[in-house]
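Beneath this line is the structure, given in structure tokens, with notes to follow.
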Amino acid sequence: MPTLLAKWTGGISWASYYFFVWTWLGLFLVFRLLQQLGGTRLLLLFLFFNSPEGVLWLVEIFKSSASLKSSIVDLWRNDHTIELIQTPGGLMFPSHIESFIAAPQHSLFSWLGMGLSLKIILSAGQKIASNTAFLIACLLLISGLHWSPLATLGLVPFVGFMVISSNTFSLKTTKRSAFALLSIALMALPILIFYAGHFSIFTQQGWWWNFLKSSHDYLLLFVFLALEVGVWGLIGFYLFKKNLVSKLDTKLLSLALVVLTILAFYRYGFFNDLARRACLAPTLVICWLTAKHLIPRALNGLTWERLFSIGVLCFCVLIPLKQHLRWLTSQPYTTIVDKKISDFTPYTIHYLDRYHSGQFDVVAQYLGRPQSIYMHSFAPSQPTTPKVLSKAFYYWKSTFKLSPFEKQALLKHKIEKLYVKFFDVDWDGVSKQAIPKAVISFAQSPPVPIVPTVFITNRSLENLTWGGIDELGENIATKISQICHAQRQSFEVDEIQIDCDWSLTTRSKYFKLLLVLKTKLTQSGLSTKPLTLSATIRLHQIKFYRTTGIPPIAKGMLMYYNMGNWKTPNAPNSILDLDVAHRYADYISDYPLPLDVVLPIFRWGIVYRNGKFVSFINHLTTKELDNTVFLKKSPYPHQYIALKNTHAWGMTIRQGDIVRIEECRPEDLIISSRLLAEEIQNSKVTFALYHLDSLNLSFYEKQSLFQVFRAFR
């Protein structure tokens, strides 16, 4: 309807305004239905309803080593979405506010459909229910298959219950049912044609136990079921035994819990989309029953009933309340609040236009094969402007001396520049100042232009006084200039890069240091051309840029690696974890600075003793560990267990030590490259690999890195 109105009036550019009005109209109808079903009590509960997952916040605070005040401040300022199994979508508790923000088109349909079904179920036996049950069922299923098929699956059991409860079975009704089913099948034909050309890029489908990797994961699944299903089941059982609920309410609650349980055990879609959409209908049923039965117990029940009811409701309301309150602050979580209505495009048109050409994105798994008849006939084709790409490597050694193999790699991949680490800046406890360390020396001249890169430790900024920032900025600029002019053939540079993982406490000092560096570097005479100051950006600084801040630089270098906690033995891959990366990817396009990007090609082994980190072993491979006699393969992925005390890799290995391998597979690099090409919006991009080393390069087959570079288009 909104796109049709836009076509009749001002064209497709008006569609976003019609969608805005259409969404608010749907929300108004939802509120009107809820008002009729449960009054103001249900309306208020609907706004703040969740599973009682707030109890997990208490566990998080208890486990934290920080003070109670710091833990609470952290919970308030940062996103603590509870995703028990850390994969995209994972085991996430249903939330009305999260569902509406993420996918209003699915949420509104589910709430309206479930609200209508509840009204008819509650009026069973009346003439209005008898005459309208089949009509409503047909309309819901037909519209649902076209509008929101996954949400419709969660609604189907309740629509069936609505039809059964209408008590209209007869020969006439049977014929009408057969005609209704035939109508649904015919009207759903376009959807069936669409799915005929559909395929999933990822095989994220199947029973959840196929995705669980350890006994700890099974425990988390149990916790998830206990909080999402078990709590309501126990409350319902108690009320039923006390004859405090009707048989109809008991049946509806039982049906809702069965649907939620089935959804919790089966996974479909890259972001666990089936469970996240289909759970909307049964969750609304639980919300309605909670408003009807649990709130009165909290207000008028016995002392222990009242305390228990209030406790459950409080744990339900904590997370939605935080999300609502954050919208009233200057730094809400979502990245859409600073955009205008006209910035949005119609959902289907936007994604078909962007992804149907075959470029990688998880959204494409729901759009179909690019060569299918459906996509060829209906998807709009709009060629994208190709990016101006510069290829680069990082060079992270203390002596600049390229091997013949490394020089050949620069020529083979047509590398245009090198990001060369000139020195580190670290805090010296003796002199009480930030000083340069590991200063580079040039044994040969670089064969391509270089970008001097300086790594600054966060503790340098923590210990640095405000008065020392100007001095440090001048010292860094002077040191860079000295290194550049100390060569036999001094070279000009047109970009300087600063690498620092700043924190909230050091942000102000770091940003002031960058401003000082801008001035000092311009005055240094390093280049006759305008000098660009860039800085590295981590993924968490992309997602939470309103909190972490935007550095005062010309452009950022997105470090698309170091995504996990390498101190944890069971981390999947702290270097490059696609599951973690995809949770941040959607925020990249909204970052307000131009971005270059660097992907990792290094690998290492990590040694753990008694569950604690001991050391890194660079360049270690799975093949090497498979052939190591004093190690045996652990049941956990990529882990090996030492069978005896020995000395290897320049260190002492003890019996029982764990060695975990982390490698960057070519296919993961290609996937990341394609995704980043879609998300990064600036037309001029430097695409770099970290870092240039013969051992790193030789790990990959001849064509692998070509494919990685080629994928970024």
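A note on labels: chains of the structure tokens are A, B, ... as shown, every chain counts residues from 1, and ligands are counted from 1 in their shown order.
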
**Request:** Name all residues at most 10 Å from Leu263 of chain A (count only C-alpha atoms; drop same-chain ones fewer than 3 positions away) and give them as a ChimeraX atom specification.
**Result:** /A:154,207-208,257-260,266-268,272,274-279

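Of note, atom CA of Lys512 of chain A and atom CA of Phe491 of chain A are spaced 27.9 Å apart.
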
**Request:** Would you return as a PyMOL selection string the members of segment 442-576 of chain A that DSSP assigns to strand (DSSP E or B) on this structure's backbone?
**Result:** chain A and resi 442+450-456+495-499+532-537+555-559

Could the residues in this selection be saved with C-alpha atoms as a tab-separated table (two decimals), in the first residue's frame?
chain	number	residue	atom	x	y	z
A	442	PHE	CA	66.10	0.70	7.11
A	450	ILE	CA	55.17	4.01	2.57
A	451	VAL	CA	52.85	5.24	5.30
A	452	PRO	CA	54.74	5.71	8.59
A	453	THR	CA	52.68	4.07	11.35
A	454	VAL	CA	53.13	4.66	15.07
A	455	PHE	CA	51.64	2.35	17.70
A	456	ILE	CA	50.68	4.09	20.98
A	495	GLU	CA	50.01	10.02	5.07
A	496	ILE	CA	50.80	9.25	8.70
A	497	GLN	CA	48.85	6.62	10.62
A	498	ILE	CA	48.40	6.29	14.39
A	499	ASP	CA	47.49	2.94	15.88
A	532	THR	CA	46.78	13.10	5.72
A	533	LEU	CA	46.47	11.86	9.29
A	534	SER	CA	44.69	8.53	9.64
A	535	ALA	CA	44.12	6.19	12.59
A	536	THR	CA	43.16	2.60	13.17
A	537	ILE	CA	39.57	1.87	14.18
A	555	LYS	CA	40.00	8.75	7.55
A	556	GLY	CA	40.12	5.54	9.54
A	557	MET	CA	41.68	2.14	8.95
A	558	LEU	CA	39.20	-0.53	10.03
A	559	MET	CA	41.07	-3.39	11.71

**Fill in**
Judged by only C-alpha atoms, the minimum distance to His485 of chain A among A:Ser441, A:Asn458, A:Pro447, A:Tyr18 is found for A:Ser441

**Item:** Distance query Val607 of chain A at most 8 Å, only C-alpha atoms, self and fewer than 2 positions along chain excluded, as a ChimeraX atom specification
**Value:** /A:605,609,613-617,657-660

**Item:** Closest of A:Tyr587, A:Leu620, A:Leu313, A:Gln482 to Leu299 of chain A - atom-to-atom distances counting only C-alpha atoms
**Value:**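 Looking at the shortest contact to Leu299 of chain A, the residue is A:Leu313.
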
Residues flagged helix (DSSP H, G or I) by DSSP in segment 481-629 of chain A, as a PDB file with C-alpha atoms, in the first residue's frame:
ATOM      1  CA  SER A 481      60.807  13.251  10.435  1.00  0.00           C
ATOM      2  CA  GLN A 482      64.226  12.058  11.675  1.00  0.00           C
ATOM      3  CA  ILE A 483      63.611   8.489  10.457  1.00  0.00           C
ATOM      4  CA  CYS A 484      62.423   9.673   7.041  1.00  0.00           C
ATOM      5  CA  HIS A 485      65.413  11.974   6.500  1.00  0.00           C
ATOM      6  CA  ARG A 507      39.582   9.256  24.637  1.00  0.00           C
ATOM      7  CA  SER A 508      39.932  12.970  25.387  1.00  0.00           C
ATOM      8  CA  LYS A 509      43.737  12.790  25.696  1.00  0.00           C
ATOM      9  CA  TYR A 510      44.060  10.710  22.530  1.00  0.00           C
ATOM     10  CA  PHE A 511      41.878  13.028  20.455  1.00  0.00           C
ATOM     11  CA  LYS A 512      43.805  16.064  21.691  1.00  0.00           C
ATOM     12  CA  LEU A 513      47.075  14.291  20.803  1.00  0.00           C
ATOM     13  CA  LEU A 514      45.777  13.731  17.254  1.00  0.00           C
ATOM     14  CA  LEU A 515      44.969  17.430  16.910  1.00  0.00           C
ATOM     15  CA  VAL A 516      48.466  18.326  18.103  1.00  0.00           C
ATOM     16  CA  LEU A 517      49.978  15.833  15.652  1.00  0.00           C
ATOM     17  CA  LYS A 518      48.034  17.365  12.762  1.00  0.00           C
ATOM     18  CA  THR A 519      49.650  20.711  13.426  1.00  0.00           C
ATOM     19  CA  LYS A 520      53.160  19.386  14.130  1.00  0.00           C
ATOM     20  CA  LEU A 521      53.237  17.055  11.116  1.00  0.00           C
ATOM     21  CA  THR A 522      52.098  19.831   8.772  1.00  0.00           C
ATOM     22  CA  GLN A 523      54.981  21.959  10.042  1.00  0.00           C
ATOM     23  CA  LEU A 539      35.050  -2.937  15.441  1.00  0.00           C
ATOM     24  CA  HIS A 540      33.698  -2.010  18.866  1.00  0.00           C
ATOM     25  CA  GLN A 541      34.601   1.621  18.137  1.00  0.00           C
ATOM     26  CA  ILE A 542      32.527   1.347  14.952  1.00  0.00           C
ATOM     27  CA  LYS A 543      29.420  -0.027  16.670  1.00  0.00           C
ATOM     28  CA  TYR A 545      30.997   5.357  18.104  1.00  0.00           C
ATOM     29  CA  ARG A 546      28.575   7.628  19.956  1.00  0.00           C
ATOM     30  CA  THR A 547      30.148   6.387  23.175  1.00  0.00           C
ATOM     31  CA  THR A 548      33.764   5.817  22.137  1.00  0.00           C
ATOM     32  CA  LEU A 578      32.852 -14.482  11.178  1.00  0.00           C
ATOM     33  CA  ASP A 579      30.106 -14.973  13.753  1.00  0.00           C
ATOM     34  CA  VAL A 580      31.435 -12.047  15.796  1.00  0.00           C
ATOM     35  CA  ALA A 581      32.200  -9.962  12.714  1.00  0.00           C
ATOM     36  CA  HIS A 582      28.665 -10.159  11.371  1.00  0.00           C
ATOM     37  CA  ARG A 583      27.303  -8.747  14.625  1.00  0.00           C
ATOM     38  CA  TYR A 584      29.235  -5.553  13.864  1.00  0.00           C
ATOM     39  CA  ALA A 585      29.086  -5.479  10.055  1.00  0.00           C
ATOM     40  CA  ILE A 588      30.146  -0.081   9.271  1.00  0.00           C
ATOM     41  CA  SER A 589      28.086   1.747   6.637  1.00  0.00           C
ATOM     42  CA  ASP A 590      26.865   4.231   9.262  1.00  0.00           C
ATOM     43  CA  THR A 622      47.424 -27.196  12.276  1.00  0.00           C
ATOM     44  CA  LYS A 623      49.458 -29.434   9.978  1.00  0.00           C
ATOM     45  CA  GLU A 624      52.529 -28.957  12.169  1.00  0.00           C
ATOM     46  CA  LEU A 625      50.663 -29.855  15.352  1.00  0.00           C
ATOM     47  CA  ASP A 626      49.039 -32.900  13.739  1.00  0.00           C
TER      48      ASP A 626
END

**Message:** Just checking: using only C-alpha atoms, which residue out of A:Pro52, A:Pro436, A:Gly549, A:Leu44 ends up closest to Gly230 of chain A?
**Reply:** A:Pro52

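The shell of residues at most 8 Å from segment 670-683 of chain A, with only C-alpha atoms counted and near chain neighbours (fewer than 3 positions) removed, consists of A:Gln359, A:Phe360, A:Asp361, A:Thr385, A:Pro386, A:Lys387, A:Val388, A:Leu578, A:Ala585, A:Asp586, A:Ile588, A:Ser589, A:Pro594, A:Leu595, A:Pro666, A:Glu667, A:Gln707, A:Val708, A:Phe709, A:Ala711, A:Phe712, A:Arg713.
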
**Prompt:** In terms of the shortest atom-to-atom distance over only C-alpha atoms, which of A:Cys287, A:Leu318, A:Met114, A:Ala648 is closest to Leu631 of chain A?
**Reply:**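 Ranking A:Cys287, A:Leu318, A:Met114, A:Ala648 by distance to Leu631 of chain A, first place goes to A:Ala648.
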
All residues 9 Å or closer to Thr528 of chain A, only C-alpha atoms, same chain fewer than 4 positions away omitted, as a PDB file with N, CA and C atoms, in the first residue's frame:
ATOM      1  N   GLU A 492      59.552  11.204   0.722  1.00  0.00           N
ATOM      2  CA  GLU A 492      58.393  11.969   1.154  1.00  0.00           C
ATOM      3  C   GLU A 492      57.258  11.012   1.506  1.00  0.00           C
ATOM      4  N   VAL A 493      56.413  11.458   2.397  1.00  0.00           N
ATOM      5  CA  VAL A 493      55.217  10.696   2.723  1.00  0.00           C
ATOM      6  C   VAL A 493      54.030  11.640   2.652  1.00  0.00           C
ATOM      7  N   ASP A 494      52.865  11.106   2.310  1.00  0.00           N
ATOM      8  CA  ASP A 494      51.677  11.957   2.268  1.00  0.00           C
ATOM      9  C   ASP A 494      50.605  11.496   3.248  1.00  0.00           C
TER      10      ASP A 494
END
